[in-house]
Amino acid sequence: MTALLEVRDIEKSFGGVRAVCGVSFDVREGEILGVIGPNGSGKSTLFNCILGQLVPDRGTVRVNGRNVTALRPSRLNRLGVSRTFQLLQVFPELTARENLILAGQEHRGSRLARLFGARDAGMGAEADRMLDFFRLRRLEDEKAGSLSYGQQKLLDAAMAFMSGSRLVLLDEPAGGVNLTMLADLRERLEAINRETGVTFVVIEHNMEFVMALCSRLIVLAEGRIIAEGPPAEVRRDPAVIEAYLGH
Amino acid sequence: MSTSTSLLIGLLLLVLLALAPVDLNDFGVPYPGLRRYGTYILTLWLVTAIAAMGVNLIVGYAGQETLAQAAFVGIGAYLTAIVTKAGVPFGVAFAASGLLTFVIGIALGFPALRVQKHYLAFVTLAFTVLCWLVFRNEQWITGGVMGIRDIERPTFLGWPLRNHIRFYWFVLAITAIMTFVLWWIVRSPWGRAFTALRENPLRAESLGIDVRLYTLLTFALGSAYGGMAGSLYAPLVEFIDPSPFALGPSLLFMLMVVIGGSGTFLGPFVGAGIAVLLPEWLRAWETWYLLIYAVLVMVMMAFFPGGIVGLLSRLVARKARS
Amino acid sequence: MTDFLQLLISGLATGAIYALAAIGFTLLWQTSQTINFAQGEFVMVPAFLALIAMRWFGVPFVASLVLAILASMLLLGVAFRYIIVGPLIRRGVLPLVISTIALSILLKESVKDFYSAEAQTFPTLLPDTLITVAGVSVSLAQLGVLAVALVTIVLLQWFLAGTRTGRQMQATAQNPTVARILGVPVERMILYTFLINAALAAMASLLVSPIYLAKFSNGETLGLIAFVAAIVGGFNQVRGAIAGGLLIGVLDNLAAAYVSTAYRQAIPLILLVLVILFRPQGLLGRKEERAV
Ligand SMILES: Nc1ncnc2c1ncn2[C@@H]1O[C@H](COP(=O)(O)OP(=O)(O)OP(=O)(O)O)[C@@H](O)[C@H]1O
Ligand SMILES: [Mg+2]
């Protein structure tokens, strides 16, 4: 069986800094893969290379067997790959509901239909469903900028699911989120994975969150994969402990 | 504001504007109607507002900078003047002006938008100077610095528009249609995509919004509004030469939109009003007018970057709260 | 061939002046994200400051040149930094762009209204005597311009690369945030950039005015050439601005001789279009990538 996401030999340098050096891994349909590693180990850069935000110096990325290396992010998104960014990226001037509609609208109908058709581009029902699912319903008409940080983080994640993507890459979804909301977020992500079979790749520093959510981990240090396997195993790996404590 | 209220207010404004040059004493209202010159100024305001709406689409909605609107107005004006003098009907000239400037917009924007945010500004700057050189140097077709005179006002469905009030109504009708079209676009999902690509193009791109395509479309469309404004400008003034299409006026288009309130729907109308009326008011100080205007813009940017409409809506919102 | 050489030398002379204007523009853009749409007027105004000193106050020629440079640094450097850019940069890019556009109009109109709308002759330090070497004749004035501009550029390069302050300025230009963390006094470096830009613009002004006369509307062309030189050379490099300026100066002079004078102005514009089509990062530029 071919993997949903196939990353081969990705390399990326910035001037003299080699941020990612020769990273390869596969992600199977339906799994939740965690990516961990110390600050500056190249996790976000790896994401950006996979998603066409940066052009890798070398290597290939395949989705469903199709070569998508350096494809523009909007094209990739329309092929069914969504993401969030490490820093919060909602549109503060739009309401929560508008944010969700925006996240879905390019995936429904033609561009011309969007010009002449309904204002919600046929995404209203889907947006409502997502608002309910992430328990943001009572905030739907608030400007996203006026929500609390945790609520914005939740909205940011919810936006990634509006396009009906089969593969979602989340960069530190739990960063800065408080404990109760953290449990909420994890439980919601698990529910989506269980109910719809969406595949996740999650970068996260919060070990507890990662250990509970992910079925498999890869560990990056200085741009290379130093360990790979089930959470419990990785946790005991001396190389991993060294990478985290050695700095 | 709900859709029906905005439509209603728009319609009301339209009726009031249509009545502006009419002597209402016959109908028992003590209003003498605008004179010939007043009607001319009002028509000029409408034409300027059309071009400014285009700039607003590019600057206020797509977050790009264009310094070529006067050049696009010039292209539309020269094209219309030249072909209508050759006997082509005005309607065809008008459509051709819009189409040509749209295509040029694509051709300019496509390479520039690949590079970096401010490149469109530089490319349009260069384009304006280039156009101006062509207008001035290609005497055989543009009349050079002597310009083209005696441009005829068109006939609409057999109804001659020589009369200044009739021409005003004609321009008003076209402005109303073009305003409606733009209003429709910015409230459709496209408008939401514009907001997204202006505020955070990176995130917009990751949500499947083809930032380059949308930006290109807004630039081409905004430029086409310039071209169509130019097509109306030529028969309005009846004489064109290169000077109103130089770099200076292109910069003024950008300034008027920002003064009015970029990214607000009414901003271009307010900005165009100021740009057309201020020189009339400050006529006694003719030479000082641009100086005052420039200072006004800088003060405005430092204290109210939202422009006049932005400022007013903030005041209204505050009043509503208290 | 000798014709060509003559044109080449006079092209390099004007090109060196353009380079001065373009370097300042690039430096300003790098260190403070300020795209100065009034750059052309910055090159137009100092000549008038010198003229004012000479004609209104009777200051001797050389002293007025010095005064003009100092006054430019105050007006176009310090005042520009603190009155216009300072308050506006926080408001975002568009308000600042608009303000510099308004500033360009303000400067142009001020010169026109307060000084004169006519082109003014401007004295030159060196006479127009022709010297002929191996059949190639160039004027002393041209050689002087070339020498002054090149010395300025070399001094600037030495300052940026060879002194501590210069390196701190470069660090600020590359990444203000990191520079601040490393203890570079970023604010001061930004002010220096504005001062250097004003001084370079003043130099360019005083060198170009004897050749093309001083006129309130000169800024339009000069500004455009400065932008084009900066972009053609590579937006993120001082070296690029120098190369771009020299290239345009030479092309400009060749075009004046071999192409119609009516479209001489179009040459840099066409160059700009070609570069954007085929080498968008500029001749010497590097591709920039945004952090996410
Ligand atoms: N756009 C860029 N330009 C230059 N260097 C960069 C850029 N992006 C990342 N880097 C460098 O690449 C290395 C990897 O950065 P990256 O952001 O991928 O790390 P990370 O694992 O996501 O870290 P964190 O856990 O802090 O988010 C770092 O040394 C960083 O400074
Ligand atoms: Mg990261």
# chains A, B, ... in the order shown; residues from 1 in each chain; ligands from 1

$ residues_near_ligand --ligand "ligand 2" --cutoff "8 Å" --atoms "only C-alpha atoms and all ligand atoms" --output "PyMOL selection string"
chain A and resi 39-40+42-45+86+171-172+203

$ residues_near_ligand --ligand "ligand 1" --cutoff "8 Å" --atoms "only C-alpha atoms and all ligand atoms" --output "PyMOL selection string"
(chain A and resi 13-15+17-20+36-47+86+172+204-205+220+222-223) or (chain C and resi 289-292)

$ write_last_selection --atoms "N, CA and C atoms" --output "compact mmCIF listing (two decimals), in the first residue's frame"
# COMPACT_ATOMS: atom_id res chain seq x y z
N SER A 13 18.55 24.86 3.15
CA SER A 13 19.50 25.72 3.88
C SER A 13 19.09 27.17 3.73
N PHE A 14 19.38 27.94 4.76
CA PHE A 14 19.22 29.40 4.66
C PHE A 14 20.60 29.99 4.78
N GLY A 15 21.13 30.51 3.68
CA GLY A 15 22.51 30.99 3.72
C GLY A 15 23.38 29.85 4.21
N VAL A 17 22.99 28.30 7.18
CA VAL A 17 22.30 27.46 8.16
C VAL A 17 21.59 26.31 7.45
N ARG A 18 21.98 25.07 7.79
CA ARG A 18 21.26 23.94 7.19
C ARG A 18 20.10 23.59 8.12
N ALA A 19 18.91 24.03 7.75
CA ALA A 19 17.75 23.89 8.63
C ALA A 19 17.20 22.47 8.57
N VAL A 20 17.16 21.87 7.40
CA VAL A 20 16.69 20.50 7.23
C VAL A 20 17.70 19.78 6.35
N ILE A 36 8.42 15.95 16.79
CA ILE A 36 8.94 16.70 17.92
C ILE A 36 10.42 16.99 17.72
N GLY A 37 10.95 17.83 18.56
CA GLY A 37 12.36 18.19 18.46
C GLY A 37 12.57 19.53 19.13
N PRO A 38 13.83 19.76 19.54
CA PRO A 38 14.11 21.04 20.23
C PRO A 38 13.85 22.25 19.34
N ASN A 39 13.80 23.43 19.94
CA ASN A 39 13.63 24.67 19.16
C ASN A 39 14.71 24.78 18.10
N GLY A 40 14.30 25.15 16.92
CA GLY A 40 15.27 25.38 15.85
C GLY A 40 15.76 24.10 15.20
N SER A 41 15.08 22.97 15.47
CA SER A 41 15.56 21.72 14.89
C SER A 41 15.07 21.53 13.46
N GLY A 42 14.26 22.47 12.96
CA GLY A 42 13.87 22.41 11.54
C GLY A 42 12.46 21.91 11.30
N LYS A 43 11.65 21.81 12.34
CA LYS A 43 10.30 21.26 12.19
C LYS A 43 9.43 22.15 11.28
N SER A 44 9.40 23.43 11.60
CA SER A 44 8.55 24.33 10.80
C SER A 44 9.08 24.44 9.38
N THR A 45 10.40 24.45 9.25
CA THR A 45 10.97 24.53 7.91
C THR A 45 10.58 23.29 7.10
N LEU A 46 10.60 22.14 7.75
CA LEU A 46 10.18 20.91 7.08
C LEU A 46 8.74 21.03 6.59
N PHE A 47 7.86 21.52 7.45
CA PHE A 47 6.46 21.73 7.05
C PHE A 47 6.38 22.65 5.84
N GLN A 86 2.56 28.05 12.88
CA GLN A 86 2.99 28.07 14.27
C GLN A 86 2.44 29.30 15.00
N GLU A 172 2.25 23.27 16.00
CA GLU A 172 2.04 23.66 17.40
C GLU A 172 0.61 24.14 17.68
N GLU A 204 4.59 19.51 17.87
CA GLU A 204 4.15 19.97 19.18
C GLU A 204 5.29 19.86 20.18
N HIS A 205 5.36 20.83 21.09
CA HIS A 205 6.35 20.76 22.17
C HIS A 205 5.77 20.16 23.43
N LEU A 220 13.15 15.21 15.42
CA LEU A 220 14.15 15.95 14.66
C LEU A 220 15.13 16.59 15.61
N GLU A 222 18.64 19.15 14.87
CA GLU A 222 19.55 19.76 13.91
C GLU A 222 19.26 19.33 12.48
N GLY A 223 17.98 19.27 12.16
CA GLY A 223 17.59 19.03 10.77
C GLY A 223 17.57 17.57 10.35
N GLU C 289 13.73 34.80 0.85
CA GLU C 289 12.64 33.94 1.25
C GLU C 289 12.08 34.40 2.58
N ARG C 290 10.78 34.34 2.68
CA ARG C 290 10.16 34.83 3.90
C ARG C 290 10.08 33.75 4.95
N ALA C 291 10.33 34.15 6.17
CA ALA C 291 10.16 33.21 7.26
C ALA C 291 8.66 33.07 7.55
N VAL C 292 8.28 31.88 7.99
CA VAL C 292 6.86 31.65 8.26
C VAL C 292 6.66 31.39 9.74

$ residues_around --residues "region 123-129 of chain C" --least-positions-apart "6" --cutoff "12 Å" --atoms "only C-alpha atoms" --output "CSV table (one decimal) with N, CA and C atoms, in the first residue's frame"
chain,number,residue,atom,x,y,z
C,47,ALA,N,20.1,71.2,-4.7
C,47,ALA,CA,20.6,72.2,-5.6
C,47,ALA,C,20.0,73.5,-5.3
C,48,PHE,N,18.7,73.5,-5.0
C,48,PHE,CA,18.0,74.7,-4.7
C,48,PHE,C,18.4,75.3,-3.4
C,50,ALA,N,21.4,75.1,-2.2
C,50,ALA,CA,22.6,75.8,-2.6
C,50,ALA,C,22.3,77.1,-3.3
C,51,LEU,N,21.4,77.1,-4.2
C,51,LEU,CA,21.1,78.3,-4.9
C,51,LEU,C,20.5,79.4,-4.0
C,54,MET,N,23.4,80.9,-2.1
C,54,MET,CA,24.2,81.8,-3.0
C,54,MET,C,23.4,83.1,-3.4
C,55,ARG,N,22.2,82.9,-3.9
C,55,ARG,CA,21.5,84.1,-4.5
C,55,ARG,C,20.8,84.9,-3.4
C,60,PRO,N,29.4,82.4,-0.6
C,60,PRO,CA,30.3,81.9,-1.7
C,60,PRO,C,29.9,80.5,-2.1
C,61,PHE,N,30.3,80.2,-3.4
C,61,PHE,CA,29.9,79.0,-4.0
C,61,PHE,C,30.2,77.7,-3.2
C,62,VAL,N,31.5,77.5,-2.9
C,62,VAL,CA,31.9,76.3,-2.3
C,62,VAL,C,31.2,76.2,-0.9
C,63,ALA,N,31.1,77.3,-0.2
C,63,ALA,CA,30.5,77.2,1.1
C,63,ALA,C,29.0,76.9,1.0
C,64,SER,N,28.4,77.3,-0.1
C,64,SER,CA,26.9,77.0,-0.2
C,64,SER,C,26.7,75.5,-0.5
C,65,LEU,N,27.7,74.9,-1.2
C,65,LEU,CA,27.6,73.5,-1.5
C,65,LEU,C,27.6,72.7,-0.1
C,137,SER,N,38.0,62.7,-26.5
C,137,SER,CA,38.0,64.0,-25.7
C,137,SER,C,36.9,63.9,-24.7
C,138,VAL,N,37.3,64.2,-23.4
C,138,VAL,CA,36.3,64.3,-22.4
C,138,VAL,C,36.5,65.6,-21.7
C,139,SER,N,35.4,66.1,-21.1
C,139,SER,CA,35.5,67.4,-20.4
C,139,SER,C,36.0,67.2,-19.0
C,140,LEU,N,36.7,68.2,-18.5
C,140,LEU,CA,37.3,68.1,-17.1
C,140,LEU,C,36.1,67.9,-16.1
C,141,ALA,N,35.0,68.7,-16.4
C,141,ALA,CA,33.9,68.6,-15.5
C,141,ALA,C,33.4,67.2,-15.4
C,142,GLN,N,33.3,66.5,-16.5
C,142,GLN,CA,32.8,65.1,-16.5
C,142,GLN,C,33.7,64.2,-15.6
C,143,LEU,N,35.0,64.4,-15.9
C,143,LEU,CA,36.0,63.6,-15.1
C,143,LEU,C,35.8,63.9,-13.6
C,144,GLY,N,35.6,65.2,-13.3
C,144,GLY,CA,35.5,65.6,-11.9
C,144,GLY,C,34.3,64.9,-11.3
C,145,VAL,N,33.1,64.9,-12.0
C,145,VAL,CA,31.9,64.3,-11.5
C,145,VAL,C,32.2,62.8,-11.3
C,146,LEU,N,32.8,62.2,-12.2
C,146,LEU,CA,33.1,60.7,-12.1
C,146,LEU,C,34.0,60.5,-10.9
C,147,ALA,N,35.0,61.3,-10.7
C,147,ALA,CA,35.9,61.1,-9.6
C,147,ALA,C,35.2,61.3,-8.3
C,148,VAL,N,34.4,62.4,-8.2
C,148,VAL,CA,33.8,62.7,-6.9
C,148,VAL,C,32.8,61.6,-6.5
C,205,SER,N,22.6,65.6,-6.3
C,205,SER,CA,22.0,66.8,-6.7
C,205,SER,C,23.0,67.9,-7.2
C,206,LEU,N,24.0,68.1,-6.4
C,206,LEU,CA,25.0,69.1,-6.7
C,206,LEU,C,25.8,68.7,-7.9
C,207,LEU,N,26.0,67.4,-8.1
C,207,LEU,CA,26.7,66.9,-9.3
C,207,LEU,C,25.9,66.9,-10.6
C,208,VAL,N,24.6,66.7,-10.4
C,208,VAL,CA,23.8,66.5,-11.7
C,208,VAL,C,23.3,67.9,-12.2
C,209,SER,N,23.1,68.8,-11.2
C,209,SER,CA,22.5,70.1,-11.7
C,209,SER,C,23.3,70.9,-12.7
C,210,PRO,N,24.6,70.9,-12.5
C,210,PRO,CA,25.4,71.7,-13.6
C,210,PRO,C,25.1,71.0,-15.0
C,211,ILE,N,24.9,69.7,-15.0
C,211,ILE,CA,24.7,69.1,-16.3
C,211,ILE,C,23.3,69.3,-16.9
C,212,TYR,N,22.3,69.0,-16.1
C,212,TYR,CA,20.9,69.1,-16.6
C,212,TYR,C,20.1,70.3,-16.1
C,213,LEU,N,20.8,71.3,-15.5
C,213,LEU,CA,20.1,72.4,-14.9
C,213,LEU,C,19.3,72.0,-13.7
C,214,ALA,N,19.0,72.9,-12.9
C,214,ALA,CA,18.1,72.6,-11.7
C,214,ALA,C,16.7,73.1,-12.0

$ residues_around --residues "Gly230 (chain B)" --least-positions-apart "5" --cutoff "7 Å" --atoms "only C-alpha atoms" --output "mmCIF file with C-alpha atoms, in the first residue's frame"
data_model
loop_
_atom_site.group_PDB
_atom_site.id
_atom_site.type_symbol
_atom_site.label_atom_id
_atom_site.label_comp_id
_atom_site.auth_asym_id
_atom_site.auth_seq_id
_atom_site.Cartn_x
_atom_site.Cartn_y
_atom_site.Cartn_z
ATOM 1 C CA VAL B 73 -7.643 56.864 -18.110
ATOM 2 C CA GLY B 74 -5.475 58.309 -20.877
ATOM 3 C CA GLY B 76 -9.327 54.991 -22.670
ATOM 4 C CA ALA B 77 -9.621 58.680 -23.556
#

$ atom_distance --atom1 "CA of Arg239 (chain C)" --atom2 "CA of Ile69 (chain C)"
23.6 Å

$ residues_around --residues "Ile270 (chain C)" --least-positions-apart "3" --cutoff "12 Å" --atoms "only C-alpha atoms" --output "count of residues only"
22
